[in-house]
$ cat protein09.txt   # compact mmCIF, C-alpha atoms and all ligand atoms
# COMPACT_ATOMS: atom_id res chain seq x y z
CA MET A 1 129.80 -43.22 128.62
CA ARG A 2 129.86 -45.95 131.29
CA LYS A 3 127.57 -48.97 131.09
CA VAL A 4 124.96 -48.94 133.87
CA GLY A 5 123.23 -52.01 135.23
CA ILE A 6 121.13 -53.28 138.13
CA ILE A 7 123.51 -54.68 140.75
CA GLY A 8 121.03 -55.42 143.55
CA VAL A 9 117.27 -55.85 143.98
CA GLY A 10 114.84 -55.95 146.92
CA GLU A 11 111.14 -55.69 147.63
CA TYR A 12 108.72 -55.27 150.50
CA LEU A 13 105.07 -56.20 150.55
CA PRO A 14 102.98 -55.46 153.65
CA LYS A 15 101.72 -58.54 155.51
CA ARG A 16 97.97 -57.87 155.41
CA VAL A 17 96.23 -59.60 152.50
CA LEU A 18 92.88 -58.31 151.21
CA THR A 19 91.21 -60.94 149.01
CA ASN A 20 88.42 -60.53 146.48
CA ALA A 21 86.19 -62.37 148.96
CA ASP A 22 86.97 -59.65 151.55
CA LEU A 23 85.98 -56.99 148.99
CA GLU A 24 82.67 -58.75 148.35
CA LYS A 25 81.77 -57.81 151.94
CA MET A 26 82.73 -54.14 151.41
CA VAL A 27 81.21 -53.18 148.01
CA ASP A 28 78.82 -54.63 145.42
CA THR A 29 81.33 -56.81 143.57
CA SER A 30 82.32 -60.45 143.12
CA ASP A 31 85.49 -62.51 142.90
CA GLU A 32 84.32 -63.62 139.46
CA TRP A 33 83.99 -60.01 138.17
CA ILE A 34 87.35 -58.89 139.56
CA THR A 35 89.21 -61.99 138.37
CA THR A 36 87.85 -62.03 134.83
CA ARG A 37 88.02 -58.23 134.28
CA THR A 38 91.42 -57.59 135.89
CA GLY A 39 93.32 -60.81 136.77
CA ILE A 40 93.57 -59.68 140.42
CA LYS A 41 92.85 -62.22 143.22
CA GLU A 42 94.28 -60.36 146.21
CA ARG A 43 96.33 -57.31 147.19
CA ARG A 44 98.47 -56.21 150.15
CA LEU A 45 97.57 -53.36 152.49
CA ALA A 46 100.00 -51.43 154.65
CA SER A 47 99.11 -50.99 158.32
CA ALA A 48 98.01 -47.64 159.78
CA GLU A 49 101.55 -47.22 161.19
CA GLU A 50 103.28 -47.88 157.84
CA ALA A 51 103.80 -44.93 155.49
CA THR A 52 105.31 -45.11 152.00
CA SER A 53 108.82 -44.41 153.34
CA ASP A 54 108.53 -47.44 155.64
CA LEU A 55 107.71 -49.69 152.69
CA ALA A 56 110.58 -48.09 150.73
CA LEU A 57 112.99 -48.56 153.65
CA ASN A 58 112.43 -52.31 153.82
CA ALA A 59 112.83 -52.69 150.04
CA ALA A 60 115.95 -50.49 150.08
CA LYS A 61 117.63 -52.52 152.83
CA ALA A 62 117.02 -55.74 150.88
CA ALA A 63 118.40 -54.22 147.65
CA LEU A 64 121.53 -52.88 149.39
CA LYS A 65 122.15 -56.29 150.97
CA ASP A 66 121.75 -57.95 147.56
CA ALA A 67 124.21 -55.45 146.04
CA ARG A 68 126.63 -55.96 148.98
CA LEU A 69 126.80 -52.20 149.50
CA SER A 70 126.28 -50.05 152.57
CA ALA A 71 123.95 -47.05 152.68
CA GLU A 72 126.98 -44.74 152.75
CA ASP A 73 128.03 -46.06 149.32
CA LEU A 74 124.97 -44.43 147.75
CA ASP A 75 125.43 -41.17 145.81
CA LEU A 76 121.81 -40.77 144.76
CA ILE A 77 118.36 -41.91 145.91
CA ILE A 78 115.31 -41.45 143.70
CA VAL A 79 111.91 -42.60 144.93
CA ALA A 80 109.09 -42.84 142.41
CA THR A 81 105.79 -42.32 144.20
CA ILE A 82 102.39 -40.62 144.01
CA THR A 83 101.63 -41.38 147.66
CA PRO A 84 104.44 -39.64 149.56
CA ASP A 85 104.32 -39.58 153.37
CA MET A 86 103.44 -35.85 153.03
CA PRO A 87 103.67 -33.21 150.24
CA PHE A 88 107.18 -32.36 151.42
CA PRO A 89 109.89 -33.25 152.33
CA SER A 90 110.37 -36.04 149.80
CA VAL A 91 110.15 -39.72 150.64
CA ALA A 92 113.76 -39.94 149.41
CA SER A 93 114.88 -37.45 152.10
CA ILE A 94 113.01 -39.37 154.80
CA LEU A 95 114.55 -42.58 153.50
CA GLN A 96 118.06 -41.13 153.41
CA ASN A 97 117.83 -40.37 157.11
CA ALA A 98 116.33 -43.76 157.99
CA LEU A 99 119.02 -45.60 155.99
CA GLY A 100 121.91 -43.40 157.08
CA ALA A 101 122.78 -42.74 153.41
CA LYS A 102 124.44 -39.45 154.30
CA ASN A 103 126.37 -39.11 151.01
CA ALA A 104 123.31 -39.36 148.75
CA ALA A 105 121.50 -36.59 146.88
CA CYS A 106 117.76 -37.27 147.15
CA CYS A 107 114.50 -36.50 145.36
CA ASP A 108 111.15 -38.03 144.44
CA ILE A 109 109.76 -38.44 140.94
CA SER A 110 106.02 -38.14 140.29
CA ALA A 111 105.24 -40.11 137.15
CA ALA A 112 102.50 -42.38 138.49
CA CYS A 113 102.66 -45.97 137.21
CA ALA A 114 105.57 -45.12 134.89
CA GLY A 115 107.48 -43.62 137.85
CA PHE A 116 109.86 -46.51 138.38
CA VAL A 117 111.01 -46.50 134.74
CA TYR A 118 111.30 -42.69 134.83
CA ALA A 119 113.46 -42.96 137.98
CA LEU A 120 115.57 -45.76 136.50
CA ALA A 121 116.23 -43.78 133.31
CA THR A 122 117.02 -40.59 135.25
CA ALA A 123 119.37 -42.16 137.79
CA SER A 124 121.23 -44.17 135.15
CA GLN A 125 122.24 -40.96 133.32
CA PHE A 126 124.21 -39.76 136.36
CA ILE A 127 126.17 -43.00 136.51
CA ALA A 128 126.61 -43.22 132.72
CA CYS A 129 128.24 -39.81 132.56
CA GLY A 130 130.41 -40.42 135.63
CA THR A 131 128.81 -37.97 138.07
CA TYR A 132 127.80 -40.73 140.51
CA LYS A 133 128.90 -44.30 141.18
CA ASN A 134 125.92 -45.92 142.94
CA ALA A 135 122.23 -45.00 142.90
CA LEU A 136 119.17 -46.42 144.63
CA VAL A 137 115.92 -46.35 142.66
CA ILE A 138 112.63 -47.28 144.31
CA GLY A 139 108.98 -47.54 143.33
CA ALA A 140 106.96 -47.30 146.56
CA GLU A 141 103.26 -46.69 147.11
CA LYS A 142 100.61 -46.78 149.81
CA LEU A 143 97.70 -46.52 147.37
CA SER A 144 95.31 -47.76 150.07
CA SER A 145 95.62 -44.28 151.62
CA VAL A 146 94.07 -42.64 148.51
CA THR A 147 91.65 -45.41 147.55
CA ASP A 148 87.92 -44.78 147.96
CA TRP A 149 86.81 -47.95 149.70
CA LYS A 150 83.17 -47.13 148.81
CA ASP A 151 83.84 -46.97 145.04
CA ARG A 152 83.73 -50.43 143.45
CA ASN A 153 85.06 -49.02 140.16
CA THR A 154 88.46 -48.37 141.71
CA CYS A 155 88.85 -50.01 145.15
CA VAL A 156 89.19 -53.52 143.73
CA LEU A 157 92.22 -52.51 141.67
CA PHE A 158 94.90 -51.11 143.97
CA GLY A 159 97.42 -52.29 146.57
CA ASP A 160 100.52 -51.26 148.54
CA GLY A 161 104.18 -52.25 148.16
CA ALA A 162 107.72 -51.28 147.23
CA GLY A 163 110.45 -52.51 144.88
CA ALA A 164 114.04 -51.27 144.84
CA CYS A 165 117.09 -51.53 142.58
CA VAL A 166 120.68 -50.47 143.15
CA LEU A 167 122.32 -49.16 139.98
CA GLY A 168 126.04 -49.20 139.34
CA GLU A 169 128.62 -49.56 136.60
CA VAL A 170 128.72 -52.93 134.81
CA LYS A 171 131.25 -54.37 132.36
CA SER A 172 128.73 -55.34 129.67
CA GLY A 173 125.01 -55.01 128.89
CA GLY A 174 123.01 -53.06 131.48
CA ILE A 175 120.33 -50.51 130.60
CA ILE A 176 120.88 -50.23 126.85
CA ALA A 177 117.87 -48.04 125.97
CA SER A 178 115.08 -46.09 127.64
CA TYR A 179 112.13 -44.22 126.20
CA LEU A 180 109.93 -41.85 128.23
CA GLY A 181 106.87 -39.91 127.10
CA CYS A 182 103.82 -37.90 128.17
CA ASP A 183 100.50 -36.71 126.76
CA GLY A 184 99.14 -34.12 129.18
CA SER A 185 95.87 -33.66 127.29
CA ASN A 186 93.99 -36.41 129.14
CA LEU A 187 94.48 -35.41 132.77
CA GLY A 188 90.87 -36.12 133.75
CA LEU A 189 91.02 -39.83 132.96
CA LEU A 190 93.00 -40.61 136.10
CA ASN A 191 93.72 -38.20 138.93
CA LEU A 192 93.38 -37.28 142.58
CA PRO A 193 91.56 -33.93 142.45
CA ALA A 194 92.19 -32.34 145.86
CA GLY A 195 94.92 -31.79 148.40
CA GLY A 196 97.21 -29.75 146.14
CA SER A 197 97.41 -26.02 145.38
CA ARG A 198 94.44 -26.15 142.95
CA ASN A 199 92.01 -27.57 145.51
CA PRO A 200 93.62 -27.36 148.97
CA ALA A 201 92.13 -29.66 151.59
CA SER A 202 88.92 -28.27 153.08
CA LEU A 203 85.77 -29.59 154.68
CA GLN A 204 84.12 -29.41 151.24
CA THR A 205 86.84 -31.40 149.45
CA VAL A 206 86.70 -34.08 152.13
CA GLU A 207 82.89 -34.26 152.01
CA ALA A 208 82.99 -34.52 148.20
CA ARG A 209 85.51 -37.40 148.50
CA LEU A 210 87.99 -35.53 146.32
CA HIS A 211 91.04 -36.93 148.14
CA TYR A 212 90.64 -40.29 146.43
CA ILE A 213 91.71 -41.69 143.04
CA LYS A 214 89.21 -40.93 140.24
CA MET A 215 89.45 -43.03 137.10
CA GLN A 216 87.66 -43.56 133.80
CA GLY A 217 88.89 -47.12 133.40
CA ASN A 218 87.19 -47.97 130.15
CA GLU A 219 88.75 -45.09 128.18
CA LEU A 220 92.15 -45.64 129.80
CA PHE A 221 92.13 -49.29 128.87
CA LYS A 222 92.25 -48.55 125.13
CA ILE A 223 94.91 -45.84 125.48
CA ALA A 224 97.02 -48.10 127.72
CA VAL A 225 97.07 -50.91 125.14
CA ARG A 226 97.98 -48.55 122.29
CA THR A 227 100.58 -46.58 124.26
CA MET A 228 102.35 -49.55 125.85
CA THR A 229 102.58 -51.21 122.44
CA GLU A 230 104.10 -48.07 120.87
CA ALA A 231 106.51 -47.51 123.77
CA ALA A 232 107.79 -51.09 123.49
CA GLU A 233 108.28 -50.72 119.73
CA LYS A 234 110.12 -47.41 120.10
CA VAL A 235 112.52 -48.50 122.83
CA LEU A 236 113.34 -51.71 121.01
CA LYS A 237 114.11 -49.79 117.83
CA GLN A 238 116.34 -47.49 119.86
CA ALA A 239 118.15 -50.54 121.26
CA GLY A 240 118.59 -51.94 117.73
CA LEU A 241 116.78 -55.17 118.69
CA LYS A 242 113.81 -57.24 117.49
CA PHE A 243 111.00 -58.66 119.64
CA SER A 244 112.44 -62.11 119.08
CA ASP A 245 115.52 -60.90 121.03
CA ILE A 246 113.44 -60.28 124.18
CA ASP A 247 113.56 -63.03 126.81
CA LEU A 248 111.06 -61.46 129.21
CA ILE A 249 108.71 -58.47 129.20
CA ILE A 250 107.94 -56.91 132.56
CA PRO A 251 104.87 -54.74 132.06
CA HIS A 252 103.11 -52.41 134.48
CA GLN A 253 100.51 -54.54 136.26
CA ALA A 254 97.25 -52.57 135.88
CA ASN A 255 95.13 -55.25 134.26
CA SER A 256 96.06 -58.69 132.88
CA ARG A 257 93.77 -58.09 129.88
CA ILE A 258 95.77 -54.95 128.99
CA ILE A 259 99.02 -56.91 129.31
CA MET A 260 97.76 -59.79 127.13
CA ALA A 261 96.47 -57.36 124.48
CA VAL A 262 99.87 -55.62 124.35
CA ALA A 263 101.71 -58.95 124.18
CA LYS A 264 99.46 -60.11 121.33
CA ARG A 265 100.12 -56.95 119.33
CA LEU A 266 103.87 -57.35 119.88
CA GLY A 267 103.77 -61.04 118.91
CA LEU A 268 105.06 -62.17 122.32
CA THR A 269 104.02 -65.56 123.69
CA GLU A 270 102.73 -65.99 127.26
CA ASP A 271 105.97 -67.56 128.50
CA LYS A 272 107.71 -64.24 127.81
CA ILE A 273 105.39 -62.20 130.04
CA PHE A 274 105.94 -61.67 133.77
CA LEU A 275 102.78 -61.27 135.85
CA ASN A 276 102.35 -60.68 139.58
CA ILE A 277 99.06 -58.74 139.38
CA GLU A 278 97.16 -61.74 140.76
CA LYS A 279 98.91 -61.35 144.15
CA TYR A 280 99.24 -57.57 144.44
CA GLY A 281 96.86 -55.68 142.11
CA ASN A 282 98.01 -52.35 140.71
CA MET A 283 100.64 -50.71 142.96
CA SER A 284 101.44 -47.85 140.55
CA SER A 285 105.21 -47.21 140.54
CA ALA A 286 105.77 -50.25 142.77
CA SER A 287 104.22 -52.63 140.23
CA THR A 288 106.95 -52.64 137.58
CA ALA A 289 109.56 -52.44 140.36
CA THR A 290 108.36 -55.49 142.31
CA ALA A 291 107.70 -57.42 139.10
CA LEU A 292 111.34 -56.87 138.08
CA VAL A 293 112.59 -57.86 141.54
CA GLU A 294 110.45 -61.03 141.63
CA ALA A 295 111.46 -62.02 138.09
CA VAL A 296 115.10 -61.91 139.23
CA LYS A 297 114.44 -63.74 142.52
CA GLU A 298 112.36 -66.45 140.81
CA GLY A 299 115.11 -67.11 138.26
CA ARG A 300 112.98 -65.90 135.34
CA ILE A 301 115.85 -63.51 134.44
CA LYS A 302 119.22 -65.18 133.91
CA LYS A 303 122.67 -63.86 133.07
CA GLY A 304 122.70 -62.74 129.43
CA ASP A 305 118.89 -62.31 129.19
CA THR A 306 117.35 -59.26 127.54
CA VAL A 307 114.44 -57.76 129.48
CA LEU A 308 111.88 -55.18 128.39
CA LEU A 309 110.16 -52.92 130.97
CA ASP A 310 106.96 -51.28 129.73
CA SER A 311 104.78 -48.98 131.85
CA PHE A 312 101.90 -46.52 131.55
CA GLY A 313 99.93 -44.34 133.95
CA ALA A 314 98.31 -41.06 135.02
CA GLY A 315 99.61 -37.97 133.29
CA LEU A 316 99.29 -39.68 130.92
CA VAL A 317 102.88 -40.90 131.03
CA TRP A 318 104.73 -43.91 129.76
CA GLY A 319 108.20 -45.35 130.08
CA ALA A 320 109.97 -48.34 128.57
CA ALA A 321 113.50 -49.66 128.98
CA VAL A 322 115.64 -52.49 127.63
CA ILE A 323 118.05 -54.12 130.08
CA GLN A 324 120.63 -56.80 129.29
CA TRP A 325 121.38 -58.85 132.37
N1 LIG B 1 82.37 -55.19 140.50
C1 LIG B 1 81.29 -55.42 139.73
N2 LIG B 1 80.92 -54.60 138.72
C2 LIG B 1 81.69 -53.52 138.49
C3 LIG B 1 82.83 -53.22 139.26
C4 LIG B 1 83.15 -54.11 140.30
N3 LIG B 1 84.23 -53.93 141.09
N4 LIG B 1 83.40 -52.10 138.79
C5 LIG B 1 82.64 -51.68 137.76
N5 LIG B 1 81.62 -52.53 137.58
C6 LIG B 1 80.56 -52.47 136.57
C7 LIG B 1 80.36 -51.08 136.04
O1 LIG B 1 79.52 -50.33 136.89
C8 LIG B 1 79.72 -51.37 134.70
O2 LIG B 1 78.34 -51.63 134.91
P1 LIG B 1 77.23 -51.04 133.90
O3 LIG B 1 77.56 -51.68 132.57
O4 LIG B 1 75.96 -51.50 134.51
O5 LIG B 1 77.44 -49.57 133.90
C9 LIG B 1 80.37 -52.68 134.26
O6 LIG B 1 80.93 -53.26 135.45
C10 LIG B 1 81.46 -52.50 133.22
O7 LIG B 1 82.31 -51.45 133.62
P2 LIG B 1 83.55 -51.05 132.76
O8 LIG B 1 84.23 -49.89 133.39
O9 LIG B 1 83.15 -50.90 131.31
O10 LIG B 1 84.44 -52.37 132.89
P3 LIG B 1 85.78 -52.72 132.19
O11 LIG B 1 85.67 -54.01 131.50
O12 LIG B 1 86.35 -51.56 131.39
O13 LIG B 1 86.76 -52.95 133.43
C11 LIG B 1 88.52 -51.78 134.58
C12 LIG B 1 87.02 -51.89 134.34
C13 LIG B 1 88.76 -50.60 135.49
C14 LIG B 1 88.96 -53.06 135.24
C15 LIG B 1 89.26 -51.60 133.23
O14 LIG B 1 88.61 -50.62 132.47
C16 LIG B 1 90.71 -51.20 133.39
O15 LIG B 1 91.53 -51.95 133.88
N6 LIG B 1 91.06 -50.00 132.91
C17 LIG B 1 92.43 -49.52 132.79
C18 LIG B 1 93.04 -49.17 134.09
C19 LIG B 1 94.35 -48.54 133.79
O16 LIG B 1 95.03 -48.87 132.85
N7 LIG B 1 94.74 -47.56 134.57
C20 LIG B 1 95.88 -46.77 134.19
C21 LIG B 1 97.13 -47.31 134.57
S1 LIG B 1 97.31 -47.31 136.29

$ encode --input "protein09.txt" --output "structure tokens"
Amino acid sequence: MRKVGIIGVGEYLPKRVLTNADLEKMVDTSDEWITTRTGIKERRLASAEEATSDLALNAAKAALKDARLSAEDLDLIIVATITPDMPFPSVASILQNALGAKNAACCDISAACAGFVYALATASQFIACGTYKNALVIGAEKLSSVTDWKDRNTCVLFGDGAGACVLGEVKSGGIIASYLGCDGSNLGLLNLPAGGSRNPASLQTVEARLHYIKMQGNELFKIAVRTMTEAAEKVLKQAGLKFSDIDLIIPHQANSRIIMAVAKRLGLTEDKIFLNIEKYGNMSSASTATALVEAVKEGRIKKGDTVLLDSFGAGLVWGAAVIQW
């Protein structure tokens, strides 16, 4: 098997910033409540003209430039998203055309906030076994399009963005372990009830506001802490490493209190945790992706470092990976 690593990274965050102070004017909330309960200070919102594929396109171009590859060098594009431009075709197909990546096979992965790690693990298998040489993996979301801006329980949490990685063969290190999982028995804790084949869009579904994210945050919080802790332990065991070997953990950015609780259970100190939730909120699949990209760009990940990705989301699904840089 070939060793597979990340050979280029890029991100795109829409320009418009929505602060907690802005939200105070929209729903019954306060900067103090949002900051202390979630760690979020502001988030980015895509414009009406920008769809998820537009966010993905900008991140993809940056990642290809960083990898010094052209779009035609790509053999595979996987976009992790729960907010595609439309039910079909896939965002990856739209992106292929926009990039001119005419040699790439394309599909989307729907694994919510764990989507980026699912996509990373999936794409890396094709390179490891020699089927493909270069793959583009993206976490991209326009969550503002499915956020109920009248529901204070959820609207303060989410944002829009995209993070991209180019995968290719490396001489040493790379993605040394990945662990994916699902427990489909808790579907009601986090979902978007209408717009699919179960509840197709109708006047009634629109009036009942069923095209927006529904979440039981309190219950999810406890499961997220337990599951992210277990996923980190399992992937590390698979990699044959100890927590003291980890230089940086890049967790899904749903809530800073969840992240700190996981870190405490794993015995990781604050300097080993990467956070960007304060600036962007929860961007589902784009959260882990942009956090990884920013950790690289900010020099928090250096050659030889061992990095742990750890994510959790609707499904309920989880995904963790260990990458040696
Ligand atoms: N502003 C002010 N008050 C708010 C509020 C807001 N934006 N949102 C909720 N509240 C209120 C609630 O109505 C509730 O009031 P009540 O006690 O009078 O009923 C109170 O705050 C506490 O609500 P609760 O839901 O228990 O708060 P919490 O401490 O659990 O924090 C979340 C809520 C959503 C921030 C937190 O549960 C969370 O992050 N959950 C996990 C999210 C997650 O992991 N998602 C999956 C991965 S994407």

$ residues_near_ligand --input "protein09.txt" --ligand "ligand LIG 1 (chain B)" --cutoff "9 Å" --atoms "all atoms listed in the file" --output "VMD selection string"
chain A and resid 23 to 24 27 to 34 36 to 38 112 to 114 151 to 158 189 to 190 215 to 225 252 to 258 282 to 285 311 to 314 316

$ closest_residue --input "protein09.txt" --among "A:Leu192, A:Ala286, A:Met86, A:Ala201" --to "Ala56 in chain A" --atoms "only C-alpha atoms"
A:Ala286

$ residues_around --input "protein09.txt" --residues "Cys165 in chain A" --least-positions-apart "2" --cutoff "6 Å" --atoms "all atoms listed in the file" --output "ChimeraX atom specification"
/A:8-9,63,136-137

$ atom_distance --input "protein09.txt" --atom1 "CA of Arg198 in chain A" --atom2 "CA of Pro87 in chain A"
13.7 Å

$ residues_near_point --input "protein09.txt" --point "(104.9, -52.7, 146.0)" --cutoff "7 Å" --atoms "only C-alpha atoms" --output "JSON list (two decimals) with C-alpha atoms, in the frame of the given file"
[["chain", "number", "residue", "atom", "x", "y", "z"],
["A", 12, "TYR", "CA", 108.72, -55.27, 150.50],
["A", 13, "LEU", "CA", 105.07, -56.20, 150.55],
["A", 140, "ALA", "CA", 106.96, -47.30, 146.56],
["A", 141, "GLU", "CA", 103.26, -46.69, 147.11],
["A", 160, "ASP", "CA", 100.52, -51.26, 148.54],
["A", 161, "GLY", "CA", 104.18, -52.25, 148.16],
["A", 162, "ALA", "CA", 107.72, -51.28, 147.23],
["A", 163, "GLY", "CA", 110.45, -52.51, 144.88],
["A", 283, "MET", "CA", 100.64, -50.71, 142.96],
["A", 286, "ALA", "CA", 105.77, -50.25, 142.77],
["A", 287, "SER", "CA", 104.22, -52.63, 140.23],
["A", 290, "THR", "CA", 108.36, -55.49, 142.31]]

$ residues_around --input "protein09.txt" --residues "Arg2 in chain A" --least-positions-apart "2" --cutoff "7 Å" --atoms "all atoms listed in the file" --output "mmCIF file with C-alpha atoms, in the frame of the given file"
data_model
loop_
_atom_site.group_PDB
_atom_site.id
_atom_site.type_symbol
_atom_site.label_atom_id
_atom_site.label_comp_id
_atom_site.auth_asym_id
_atom_site.auth_seq_id
_atom_site.Cartn_x
_atom_site.Cartn_y
_atom_site.Cartn_z
ATOM 1 C CA VAL A 4 124.960 -48.940 133.870
ATOM 2 C CA ALA A 128 126.610 -43.220 132.720
ATOM 3 C CA CYS A 129 128.240 -39.810 132.560
ATOM 4 C CA GLU A 169 128.620 -49.560 136.600
#

$ closest_residue --input "protein09.txt" --among "A:Phe274, A:Tyr132, A:Tyr179, A:Phe88" --to "Leu167 in chain A" --atoms "only C-alpha atoms"
A:Tyr132

$ residues_around --input "protein09.txt" --residues "Asp108 in chain A" --least-positions-apart "5" --cutoff "7 Å" --atoms "only C-alpha atoms" --output "ChimeraX atom specification"
/A:78-81,90-92

$ atom_distance --input "protein09.txt" --atom1 "CA of Val146 in chain A" --atom2 "CA of Thr19 in chain A"
18.5 Å

$ atom_distance --input "protein09.txt" --atom1 "CA of Ala48 in chain A" --atom2 "CA of Pro14 in chain A"
11.1 Å

$ residues_around --input "protein09.txt" --residues "Ala121 in chain A" --least-positions-apart "3" --cutoff "10 Å" --atoms "all atoms listed in the file" --output "list of chain:residue names"
A:Gly115, A:Phe116, A:Val117, A:Tyr118, A:Ser124, A:Gln125, A:Phe126, A:Val137, A:Ile175, A:Ala177, A:Ser178, A:Tyr179, A:Leu180, A:Gly319, A:Ala320, A:Ala321

$ residues_around --input "protein09.txt" --residues "Lys303 in chain A" --least-positions-apart "5" --cutoff "10 Å" --atoms "all atoms listed in the file" --output "tab-separated table (two decimals) with C-alpha atoms, keeping the file's coordinate frame"
chain	number	residue	atom	x	y	z
A	296	VAL	CA	115.10	-61.91	139.23
A	324	GLN	CA	120.63	-56.80	129.29
A	325	TRP	CA	121.38	-58.85	132.37

$ closest_residue --input "protein09.txt" --among "A:Cys182, A:Val166, A:Ala46, A:Leu203" --to "Ser144 in chain A" --atoms "all atoms listed in the file"
A:Ala46

$ closest_residue --input "protein09.txt" --among "A:His211, A:Arg226, A:Arg16, A:Lys171" --to "Thr83 in chain A" --atoms "all atoms listed in the file"
A:His211

$ closest_residue --input "protein09.txt" --among "A:Lys15, A:Arg209, A:Lys237, A:Lys264" --to "Ile176 in chain A" --atoms "only C-alpha atoms"
A:Lys237

$ closest_residue --input "protein09.txt" --among "A:Ile138, A:Ile277, A:Ala164, A:Ile246" --to "Ile259 in chain A" --atoms "all atoms listed in the file"
A:Ile277
